[in-house]
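What's in input-v5.pdb: PDB, C-alpha atoms and all ligand atoms
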```pdb
ATOM      1  CA  MET V   1       9.905 -12.613 -15.699
ATOM      2  CA  GLU V   2       6.851 -12.780 -13.523
ATOM      3  CA  MET V   3       8.399 -10.269 -11.155
ATOM      4  CA  SER V   4       9.186  -7.759 -13.887
ATOM      5  CA  ASP V   5       5.660  -8.054 -15.302
ATOM      6  CA  ARG V   6       4.310  -7.252 -11.903
ATOM      7  CA  ASP V   7       6.683  -4.298 -11.522
ATOM      8  CA  THR V   8       5.672  -2.907 -14.888
ATOM      9  CA  HIS V   9       2.034  -3.247 -14.052
ATOM     10  CA  ASN V  10       2.618  -1.585 -10.728
ATOM     11  CA  ALA V  11       4.505   1.339 -12.259
ATOM     12  CA  GLU V  12       1.634   1.906 -14.719
ATOM     13  CA  SER V  13      -1.066   1.868 -12.090
ATOM     14  CA  ASN V  14       1.099   4.018  -9.832
ATOM     15  CA  PHE V  15       1.347   6.617 -12.580
ATOM     16  CA  SER V  16      -2.430   6.860 -12.892
ATOM     17  CA  LEU V  17      -2.633   7.169  -9.136
ATOM     18  CA  PHE V  18      -0.037   9.944  -9.183
ATOM     19  CA  GLU V  19      -1.839  11.646 -12.064
ATOM     20  CA  ASP V  20      -5.088  11.598 -10.061
ATOM     21  CA  CYS V  21      -3.394  13.032  -6.994
ATOM     22  CA  LEU V  22      -1.833  15.769  -9.070
ATOM     23  CA  ALA V  23      -5.044  16.540 -10.944
ATOM     24  CA  SER V  24      -7.021  16.868  -7.732
ATOM     25  CA  ARG V  25      -4.430  19.384  -6.568
ATOM     26  CA  VAL V  26      -4.438  21.298  -9.850
ATOM     27  CA  PHE V  27      -8.227  21.505  -9.935
ATOM     28  CA  VAL V  28      -8.553  22.938  -6.449
ATOM     29  CA  LEU V  29      -5.968  25.654  -6.913
ATOM     30  CA  PRO V  30      -7.806  29.019  -6.853
ATOM     31  CA  SER V  31      -5.660  30.397  -9.667
ATOM     32  CA  VAL V  32      -6.911  27.828 -12.142
ATOM     33  CA  SER V  33     -10.578  27.677 -11.191
ATOM     34  CA  ASP V  34     -11.581  30.893 -12.980
ATOM     35  CA  PRO V  35     -14.809  30.660 -15.016
ATOM     36  CA  GLU V  36     -12.973  31.178 -18.292
ATOM     37  CA  GLY V  37     -10.792  28.172 -17.618
ATOM     38  CA  ASP V  38     -11.378  25.330 -20.039
ATOM     39  CA  SER V  39     -11.452  22.098 -18.091
ATOM     40  CA  GLU V  40     -10.325  20.091 -21.091
ATOM     41  CA  ASP V  41      -7.180  22.192 -21.293
ATOM     42  CA  LEU V  42      -6.749  21.696 -17.608
ATOM     43  CA  ASP V  43      -6.928  17.922 -18.085
ATOM     44  CA  GLU V  44      -4.189  18.040 -20.676
ATOM     45  CA  PHE V  45      -2.217  20.431 -18.592
ATOM     46  CA  SER V  46      -2.378  18.287 -15.506
ATOM     47  CA  LEU V  47      -1.441  15.177 -17.498
ATOM     48  CA  TYR V  48       1.528  17.038 -18.920
ATOM     49  CA  ILE V  49       2.668  18.178 -15.484
ATOM     50  CA  ALA V  50       2.125  14.694 -14.093
ATOM     51  CA  GLN V  51       4.326  13.183 -16.809
ATOM     52  CA  GLU V  52       7.054  15.748 -16.255
ATOM     53  CA  ALA V  53       7.002  15.347 -12.511
ATOM     54  CA  TRP V  54       6.785  11.528 -12.733
ATOM     55  CA  LEU V  55      10.018  11.379 -14.723
ATOM     56  CA  ALA V  56      11.710  13.519 -12.134
ATOM     57  CA  LEU V  57      10.748  11.156  -9.313
ATOM     58  CA  PRO V  58      13.212   8.557  -8.009
ATOM     59  CA  SER V  59      12.359   5.101  -9.400
ATOM     60  CA  LYS V  60      11.859   3.861  -5.857
ATOM     61  CA  ILE V  61       8.892   6.248  -5.596
ATOM     62  CA  ARG V  62       7.481   5.269  -8.977
ATOM     63  CA  GLU V  63       7.564   1.609  -7.978
ATOM     64  CA  LEU V  64       5.974   1.982  -4.551
ATOM     65  CA  THR V  65       3.984  -0.949  -3.219
ATOM     66  CA  PHE V  66       2.271  -1.575   0.081
ATOM     67  CA  THR V  67       5.157  -3.856   1.080
ATOM     68  CA  ILE V  68       7.686  -1.016   1.195
ATOM     69  CA  SER V  69       9.074  -0.217   4.586
ATOM     70  CA  PRO V  70       9.729   2.330   5.900
ATOM     71  CA  ILE V  71       7.200   4.406   3.982
ATOM     72  CA  PRO V  72       9.097   7.262   2.282
ATOM     73  CA  GLU V  73       8.554  10.810   3.521
ATOM     74  CA  ALA V  74       7.250  13.272   0.936
ATOM     75  CA  ASP V  75       9.625  15.889   2.336
ATOM     76  CA  GLU V  76      12.654  13.738   1.633
ATOM     77  CA  VAL V  77      11.416  12.806  -1.819
ATOM     78  CA  VAL V  78      11.058  16.432  -2.919
ATOM     79  CA  LEU V  79      14.635  17.082  -1.865
ATOM     80  CA  ASP V  80      15.744  14.288  -4.218
ATOM     81  CA  ILE V  81      14.055  15.952  -7.174
ATOM     82  CA  GLN V  82      16.403  17.990  -9.296
ATOM     83  CA  PRO V  83      14.388  20.937 -10.630
ATOM     84  CA  SER V  84      16.842  21.320 -13.494
ATOM     85  CA  SER V  85      16.074  17.805 -14.703
ATOM     86  CA  THR V  86      12.524  18.700 -15.688
ATOM     87  CA  ASP V  87      10.625  21.549 -17.326
ATOM     88  CA  SER V  88       7.769  21.207 -14.886
ATOM     89  CA  THR V  89       9.070  23.953 -12.619
ATOM     90  CA  ASP V  90       8.992  26.437 -15.493
ATOM     91  CA  THR V  91       5.627  25.172 -16.616
ATOM     92  CA  LEU V  92       4.111  25.547 -13.171
ATOM     93  CA  ALA V  93       5.342  29.124 -13.073
ATOM     94  CA  THR V  94       4.071  29.872 -16.584
ATOM     95  CA  TYR V  95       0.579  28.710 -15.699
ATOM     96  CA  GLY V  96       0.572  30.707 -12.493
ATOM     97  CA  LEU V  97       0.362  27.628 -10.280
ATOM     98  CA  ILE V  98       3.330  29.039  -8.474
ATOM     99  CA  SER V  99       4.298  32.679  -8.477
ATOM    100  CA  SER V 100       7.742  32.236  -9.986
ATOM    101  CA  GLY V 101      10.219  29.639 -11.147
ATOM    102  CA  ASP V 102      11.372  29.332  -7.579
ATOM    103  CA  SER V 103      11.971  25.634  -7.019
ATOM    104  CA  ASP V 104      10.962  25.830  -3.350
ATOM    105  CA  GLU V 105       7.430  26.697  -4.368
ATOM    106  CA  SER V 106       7.057  23.950  -6.903
ATOM    107  CA  HIS V 107       8.418  21.618  -4.266
ATOM    108  CA  THR V 108       5.557  22.719  -2.056
ATOM    109  CA  PHE V 109       3.083  21.896  -4.819
ATOM    110  CA  LEU V 110       4.702  18.526  -5.461
ATOM    111  CA  ARG V 111       4.977  17.862  -1.782
ATOM    112  CA  TYR V 112       1.189  17.900  -1.378
ATOM    113  CA  VAL V 113       0.779  15.708  -4.436
ATOM    114  CA  LEU V 114       3.374  13.291  -3.081
ATOM    115  CA  ILE V 115       1.811  13.130   0.360
ATOM    116  CA  SER V 116      -1.452  11.817  -1.076
ATOM    117  CA  TYR V 117       0.263   9.665  -3.716
ATOM    118  CA  ILE V 118       2.570   7.964  -1.191
ATOM    119  CA  SER V 119      -0.214   7.301   1.273
ATOM    120  CA  LEU V 120      -2.446   5.757  -1.432
ATOM    121  CA  ALA V 121       0.312   3.776  -3.184
ATOM    122  CA  THR V 122       1.423   2.167   0.070
ATOM    123  CA  LYS V 123      -2.043   1.345   1.372
ATOM    124  CA  PRO V 124      -2.454  -2.417   1.752
ATOM    125  CA  PRO V 125      -5.202  -4.037  -0.306
ATOM    126  CA  PRO V 126      -8.306  -4.779   1.734
ATOM    127  CA  ALA V 127      -8.281  -8.007   3.705
ATOM    128  CA  TRP V 128      -9.367 -10.893   1.579
ATOM    129  CA  SER V 129     -13.050 -10.576   2.307
ATOM    130  CA  SER V 130     -13.729 -13.113  -0.456
ATOM    131  CA  THR V 131     -12.473 -15.751   1.972
ATOM    132  CA  ARG V 132     -15.011 -14.611   4.575
ATOM    133  CA  THR V 133     -16.681 -17.581   6.222
ATOM    134  CA  ASN V 134     -19.693 -17.810   8.523
ATOM    135  CA  GLU V 135     -18.021 -20.312  10.771
ATOM    136  CA  CYS V 136     -14.784 -19.921  12.666
ATOM    137  CA  GLU V 137     -12.108 -21.679  10.631
ATOM    138  CA  ILE V 138     -10.731 -23.398  13.724
ATOM    139  CA  CYS V 139     -13.702 -24.362  15.910
ATOM    140  CA  SER V 140     -16.426 -24.229  13.204
ATOM    141  CA  ARG V 141     -18.815 -22.335  15.484
ATOM    142  CA  GLU V 142     -21.136 -19.729  13.991
ATOM    143  CA  VAL V 143     -20.213 -16.820  16.218
ATOM    144  CA  PRO V 144     -18.952 -13.279  15.533
ATOM    145  CA  LEU V 145     -15.635 -13.522  13.703
ATOM    146  CA  THR V 146     -12.462 -11.476  13.590
ATOM    147  CA  TYR V 147      -9.775 -11.751  10.978
ATOM    148  CA  HIS V 148      -6.343 -13.001  11.768
ATOM    149  CA  HIS V 149      -3.417 -12.043   9.525
ATOM    150  CA  LEU V 150      -1.856 -15.444   8.914
ATOM    151  CA  ILE V 151       1.422 -13.604   8.436
ATOM    152  CA  PRO V 152       1.260 -11.017  11.251
ATOM    153  CA  ARG V 153       1.806  -7.409  10.156
ATOM    154  CA  SER V 154       4.700  -6.883  12.525
ATOM    155  CA  THR V 155       6.705  -9.493  10.574
ATOM    156  CA  HIS V 156       6.009  -8.216   7.032
ATOM    157  CA  GLU V 157       9.258  -6.340   6.674
ATOM    158  CA  ARG V 158      11.349  -9.384   7.674
ATOM    159  CA  VAL V 159       9.209 -11.746   5.604
ATOM    160  CA  ILE V 160       9.923  -9.728   2.459
ATOM    161  CA  LYS V 161      13.562  -9.106   3.260
ATOM    162  CA  ARG V 162      14.205 -12.802   3.843
ATOM    163  CA  GLY V 163      11.950 -13.989   1.056
ATOM    164  CA  TRP V 164       9.871 -16.258   3.287
ATOM    165  CA  HIS V 165       6.719 -15.572   1.304
ATOM    166  CA  PRO V 166       5.793 -13.646  -1.852
ATOM    167  CA  PRO V 167       4.288 -10.173  -1.180
ATOM    168  CA  GLU V 168       0.824 -11.206  -2.377
ATOM    169  CA  MET V 169       0.545 -13.624   0.543
ATOM    170  CA  LEU V 170       0.965 -10.917   3.159
ATOM    171  CA  ASN V 171      -2.713 -10.120   3.404
ATOM    172  CA  ASN V 172      -3.994 -13.671   3.689
ATOM    173  CA  VAL V 173      -6.374 -13.867   6.581
ATOM    174  CA  ALA V 174      -8.198 -16.533   8.536
ATOM    175  CA  TRP V 175     -11.639 -15.836   9.959
ATOM    176  CA  LEU V 176     -11.585 -16.787  13.609
ATOM    177  CA  CYS V 177     -13.791 -16.326  16.643
ATOM    178  CA  ARG V 178     -12.240 -14.282  19.439
ATOM    179  CA  PRO V 179     -11.254 -17.216  21.674
ATOM    180  CA  CYS V 180      -9.652 -19.089  18.743
ATOM    181  CA  HIS V 181      -7.899 -15.912  17.634
ATOM    182  CA  SER V 182      -6.410 -15.378  21.048
ATOM    183  CA  THR V 183      -5.452 -19.064  21.263
ATOM    184  CA  VAL V 184      -3.530 -18.784  17.997
ATOM    185  CA  HIS V 185      -1.531 -15.887  19.405
ATOM    186  CA  THR V 186      -0.938 -17.789  22.642
ATOM    187  CA  VAL V 187       0.503 -20.952  21.088
ATOM    188  CA  ALA V 188       2.966 -19.228  18.762
ATOM    189  CA  SER V 189       4.889 -15.971  18.492
ATOM    190  CA  ASN V 190       4.316 -13.695  15.509
ATOM    191  CA  GLU V 191       7.615 -14.850  14.042
ATOM    192  CA  GLU V 192       6.591 -18.525  14.354
ATOM    193  CA  LEU V 193       3.176 -17.775  12.897
ATOM    194  CA  ALA V 194       4.774 -16.065   9.902
ATOM    195  CA  ASN V 195       7.365 -18.750   9.403
ATOM    196  CA  GLU V 196       5.569 -21.998  10.197
ATOM    197  CA  TYR V 197       1.858 -21.488  10.821
ATOM    198  CA  TYR V 198       0.832 -19.279   7.928
ATOM    199  CA  THR V 199      -2.210 -21.372   6.929
ATOM    200  CA  VAL V 200      -5.153 -22.664   8.952
ATOM    201  CA  GLU V 201      -4.134 -26.228   8.000
ATOM    202  CA  ARG V 202      -0.697 -25.687   9.483
ATOM    203  CA  LEU V 203      -2.189 -24.188  12.642
ATOM    204  CA  LEU V 204      -4.423 -27.234  12.998
ATOM    205  CA  GLU V 205      -1.450 -29.586  12.740
ATOM    206  CA  ARG V 206      -0.414 -28.457  16.216
ATOM    207  CA  SER V 207      -1.702 -30.713  18.991
ATOM    208  CA  ASP V 208      -2.448 -27.777  21.304
ATOM    209  CA  THR V 209      -4.583 -26.096  18.636
ATOM    210  CA  GLN V 210      -6.377 -29.376  17.941
ATOM    211  CA  LYS V 211      -7.070 -29.842  21.641
ATOM    212  CA  TRP V 212      -8.419 -26.319  21.874
ATOM    213  CA  ALA V 213     -10.558 -26.712  18.726
ATOM    214  CA  GLY V 214     -11.994 -29.961  20.114
ATOM    215  CA  TYR V 215     -12.942 -28.210  23.325
ATOM    216  CA  ALA V 216     -14.320 -25.047  21.680
ATOM    217  CA  SER V 217     -16.443 -26.879  19.130
ATOM    218  CA  LYS V 218     -18.396 -28.747  21.825
TER     219      LYS V 218
HETATM  220 ZN    ZN S   1     -13.242 -20.451  16.924
HETATM  221 ZN    ZN S   2      -4.202 -12.592  14.726
END
```

How does this structure look as structure tokens?
Ligand SMILES: [Zn+2]
Ligand SMILES: [Zn+2]
Amino acid sequence: MEMSDRDTHNAESNFSLFEDCLASRVFVLPSVSDPEGDSEDLDEFSLYIAQEAWLALPSKIRELTFTISPIPEADEVVLDIQPSSTDSTDTLATYGLISSGDSDESHTFLRYVLISYISLATKPPPAWSSTRTNECEICSREVPLTYHHLIPRSTHERVIKRGWHPPEMLNNVAWLCRPCHSTVHTVASNEELANEYYTVERLLERSDTQKWAGYASK
């Protein structure tokens, strides 16, 4: 249940993202920026095209999240689109956005839209800056801090595949000073960090980390 709610939400927000990417493309096309053009019509037009094109996209692309790996290539996605399954190709031609009903040209238009859509839809959310502390979370010193991905990025694909953690945990960070950060990566491999030491509490259960923290905090 929870999962499907999240998917639905994601598909909705992905559509608005796609619509924005498409609109920004439509509005910069020289053929539609003539002074007689009515921008309200253009809004409706771009929404219409976005809806048509959205339905033609593979569901995998509509449900993109930042956890997807590998990130799909726009070029491969356009090849999956069946021009006959949507009126958008005809519509693009009618409005002069492409010179004819030639599907290659509308693929070029969609390709640019998809390149920006895919890159935005797969961008990870910003590190949890709300958890930003002034003191290092291991040694408690007030020194310049770096953020440590508690579940290292290199393991994200495996973490999701094996269901070790839910996707929303992937961007949890700890704020650590440089020496503590490098200590963390010395005492455990990325795989161990992801699997066993994915919270500061768990890191501090290790005797070597405790020893280090005791030394560093003096
Ligand atoms: Zn520290
Ligand atoms: Zn780190």

May I ask you to write as a list in words all residues lying at most 6 Å from ligand ZN 1 (chain S), with all atoms listed in the file counted?
Cys136, Ile138, Cys139, Leu176, Cys177 and Cys180 of chain V

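As for atom CA of Val184 of chain V and atom CA of Tyr147 of chain V, they are spaced 11.7 Å apart.
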
Write out as a list in words which residues come within 9 Å of Pro167 of chain V when counting all atoms listed in the file, dropping same-chain ones fewer than 6 positions away.
Phe66, Thr67, His156, Val159 and Ile160 of chain V

All residues having an atom within 6 Å of ligand ZN 2 (chain S) (only C-alpha atoms and all ligand atoms) as a list in words
His148, His149 and His181 of chain V

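Taking atom CA of Pro72 of chain V and atom CA of Ile118 of chain V as endpoints, the distance between them is 7.4 Å.
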
Go through the shown structure with the PyMOL selection byres (((chain V and resi 122) around 10) and not hetatm) and write out the matching residues as a PyMOL selection string.
chain V and resi 64-69+71-72+117-121+123-125

Give me the result of the PyMOL selection byres (((chain V and resi 214) around 12) and not hetatm) on this file, residue by residue, as a list in words.
Ile138, Cys139, Ser140, Arg141, Cys180, Leu204, Ser207, Asp208, Thr209, Gln210, Lys211, Trp212, Ala213, Tyr215, Ala216, Ser217 and Lys218 of chain V

Could the residues in this selection be saved with C-alpha atoms as a PDB file, in the frame of the given file?
```
ATOM      1  CA  ILE V 138     -10.731 -23.398  13.724  1.00  0.00           C
ATOM      2  CA  CYS V 139     -13.702 -24.362  15.910  1.00  0.00           C
ATOM      3  CA  SER V 140     -16.426 -24.229  13.204  1.00  0.00           C
ATOM      4  CA  ARG V 141     -18.815 -22.335  15.484  1.00  0.00           C
ATOM      5  CA  CYS V 180      -9.652 -19.089  18.743  1.00  0.00           C
ATOM      6  CA  LEU V 204      -4.423 -27.234  12.998  1.00  0.00           C
ATOM      7  CA  SER V 207      -1.702 -30.713  18.991  1.00  0.00           C
ATOM      8  CA  ASP V 208      -2.448 -27.777  21.304  1.00  0.00           C
ATOM      9  CA  THR V 209      -4.583 -26.096  18.636  1.00  0.00           C
ATOM     10  CA  GLN V 210      -6.377 -29.376  17.941  1.00  0.00           C
ATOM     11  CA  LYS V 211      -7.070 -29.842  21.641  1.00  0.00           C
ATOM     12  CA  TRP V 212      -8.419 -26.319  21.874  1.00  0.00           C
ATOM     13  CA  ALA V 213     -10.558 -26.712  18.726  1.00  0.00           C
ATOM     14  CA  TYR V 215     -12.942 -28.210  23.325  1.00  0.00           C
ATOM     15  CA  ALA V 216     -14.320 -25.047  21.680  1.00  0.00           C
ATOM     16  CA  SER V 217     -16.443 -26.879  19.130  1.00  0.00           C
ATOM     17  CA  LYS V 218     -18.396 -28.747  21.825  1.00  0.00           C
TER      18      LYS V 218
END
```

Carefully work through the PyMOL selection byres (((chain V and resi 50) around 10) and not hetatm) for this structure and note down the residues it includes, as a VMD selection string.
chain V and resid 15 to 16 18 to 23 44 to 49 51 to 56 88 110 113

Now that the selection is made, can you save its residues with C-alpha atoms as an mmCIF file, in the coordinates of the input?
```
data_model
loop_
_atom_site.group_PDB
_atom_site.id
_atom_site.type_symbol
_atom_site.label_atom_id
_atom_site.label_comp_id
_atom_site.auth_asym_id
_atom_site.auth_seq_id
_atom_site.Cartn_x
_atom_site.Cartn_y
_atom_site.Cartn_z
ATOM 1 C CA PHE V 15 1.347 6.617 -12.580
ATOM 2 C CA SER V 16 -2.430 6.860 -12.892
ATOM 3 C CA PHE V 18 -0.037 9.944 -9.183
ATOM 4 C CA GLU V 19 -1.839 11.646 -12.064
ATOM 5 C CA ASP V 20 -5.088 11.598 -10.061
ATOM 6 C CA CYS V 21 -3.394 13.032 -6.994
ATOM 7 C CA LEU V 22 -1.833 15.769 -9.070
ATOM 8 C CA ALA V 23 -5.044 16.540 -10.944
ATOM 9 C CA GLU V 44 -4.189 18.040 -20.676
ATOM 10 C CA PHE V 45 -2.217 20.431 -18.592
ATOM 11 C CA SER V 46 -2.378 18.287 -15.506
ATOM 12 C CA LEU V 47 -1.441 15.177 -17.498
ATOM 13 C CA TYR V 48 1.528 17.038 -18.920
ATOM 14 C CA ILE V 49 2.668 18.178 -15.484
ATOM 15 C CA GLN V 51 4.326 13.183 -16.809
ATOM 16 C CA GLU V 52 7.054 15.748 -16.255
ATOM 17 C CA ALA V 53 7.002 15.347 -12.511
ATOM 18 C CA TRP V 54 6.785 11.528 -12.733
ATOM 19 C CA LEU V 55 10.018 11.379 -14.723
ATOM 20 C CA ALA V 56 11.710 13.519 -12.134
ATOM 21 C CA SER V 88 7.769 21.207 -14.886
ATOM 22 C CA LEU V 110 4.702 18.526 -5.461
ATOM 23 C CA VAL V 113 0.779 15.708 -4.436
#
```

Find the spatial neighbours of Ala174 of chain V, counting only C-alpha atoms, within a cut-off of 12 Å - ignore same-chain residues fewer than 6 positions away - and output them as number ranges by chain.
V: 127-138, 145-152, 180-181, 184, 197-203

Just give me the gap between atom CA of Phe109 of chain V and atom CA of Pro70 of chain V in Å, one decimal is fine.
23.3 Å

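Compared by their closest atoms to His165 of chain V, and using all atoms listed in the file, the residues V:Ala188, V:Leu42, V:Ala194, V:Val143 rank with V:Ala194 nearest.
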
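Closest to Glu192 of chain V among V:Pro144, V:Val173, V:Thr155, V:Pro179 is V:Thr155, based on all atoms listed in the file.
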
Kindly indicate which residue among V:Arg206, V:Arg62, V:Arg153, V:Arg25 lies nearest to Arg111 of chain V, using all atoms listed in the file for the distances.
V:Arg25

Axis-aligned box for all listed atoms of segment 69-77 of chain V, 8 Å per side, centre and edges in Å to one decimal, as AutoDock Vina command-line options:
```
--center_x 9.9 --center_y 7.8 --center_z 2.0 --size_x 21.5 --size_y 32.1 --size_z 23.7
```

Repaired coordinates for segment 152-169 of chain V (N, CA, C and O atoms) as a compact mmCIF listing (two decimals), in the coordinates of the input:
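Result file follows (part-v5.txt):
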```txt
# COMPACT_ATOMS: atom_id res chain seq x y z
N PRO V 152 1.54 -12.24 10.48
CA PRO V 152 1.26 -11.02 11.25
C PRO V 152 1.97 -9.78 10.69
O PRO V 152 3.12 -9.87 10.23
N ARG V 153 1.28 -8.65 10.73
CA ARG V 153 1.81 -7.41 10.16
C ARG V 153 3.20 -7.05 10.66
O ARG V 153 4.03 -6.54 9.91
N SER V 154 3.42 -7.30 11.94
CA SER V 154 4.70 -6.88 12.52
C SER V 154 5.88 -7.62 11.88
O SER V 154 7.02 -7.21 12.04
N THR V 155 5.60 -8.72 11.16
CA THR V 155 6.70 -9.49 10.57
C THR V 155 6.88 -9.20 9.09
O THR V 155 7.82 -9.71 8.47
N HIS V 156 5.99 -8.39 8.50
CA HIS V 156 6.01 -8.22 7.03
C HIS V 156 7.35 -7.77 6.47
O HIS V 156 7.80 -8.28 5.45
N GLU V 157 7.99 -6.84 7.17
CA GLU V 157 9.26 -6.34 6.67
C GLU V 157 10.29 -7.47 6.58
O GLU V 157 10.96 -7.64 5.56
N ARG V 158 10.39 -8.26 7.66
CA ARG V 158 11.35 -9.38 7.67
C ARG V 158 10.98 -10.44 6.65
O ARG V 158 11.83 -11.00 5.98
N VAL V 159 9.68 -10.72 6.55
CA VAL V 159 9.21 -11.75 5.60
C VAL V 159 9.68 -11.41 4.19
O VAL V 159 10.17 -12.27 3.46
N ILE V 160 9.54 -10.15 3.81
CA ILE V 160 9.92 -9.73 2.46
C ILE V 160 11.44 -9.72 2.31
O ILE V 160 11.99 -10.24 1.35
N LYS V 161 12.11 -9.18 3.31
CA LYS V 161 13.56 -9.11 3.26
C LYS V 161 14.18 -10.50 3.13
O LYS V 161 15.11 -10.72 2.37
N ARG V 162 13.63 -11.46 3.86
CA ARG V 162 14.20 -12.80 3.84
C ARG V 162 13.55 -13.72 2.82
O ARG V 162 13.93 -14.89 2.72
N GLY V 163 12.58 -13.19 2.11
CA GLY V 163 11.95 -13.99 1.06
C GLY V 163 11.19 -15.20 1.56
O GLY V 163 11.08 -16.20 0.85
N TRP V 164 10.63 -15.12 2.76
CA TRP V 164 9.87 -16.26 3.29
C TRP V 164 8.60 -16.52 2.47
O TRP V 164 8.20 -17.64 2.28
N HIS V 165 7.95 -15.44 2.07
CA HIS V 165 6.72 -15.57 1.30
C HIS V 165 6.68 -14.47 0.25
O HIS V 165 7.23 -13.40 0.46
N PRO V 166 5.97 -14.73 -0.87
CA PRO V 166 5.79 -13.65 -1.85
C PRO V 166 4.86 -12.57 -1.29
O PRO V 166 4.00 -12.87 -0.46
N PRO V 167 5.05 -11.29 -1.73
CA PRO V 167 4.29 -10.17 -1.18
C PRO V 167 2.77 -10.39 -1.22
O PRO V 167 2.06 -9.95 -0.31
N GLU V 168 2.28 -11.07 -2.27
CA GLU V 168 0.82 -11.21 -2.38
C GLU V 168 0.23 -12.10 -1.29
O GLU V 168 -0.98 -12.15 -1.13
N MET V 169 1.08 -12.79 -0.55
CA MET V 169 0.55 -13.62 0.54
C MET V 169 0.35 -12.84 1.84
O MET V 169 -0.28 -13.31 2.78
```
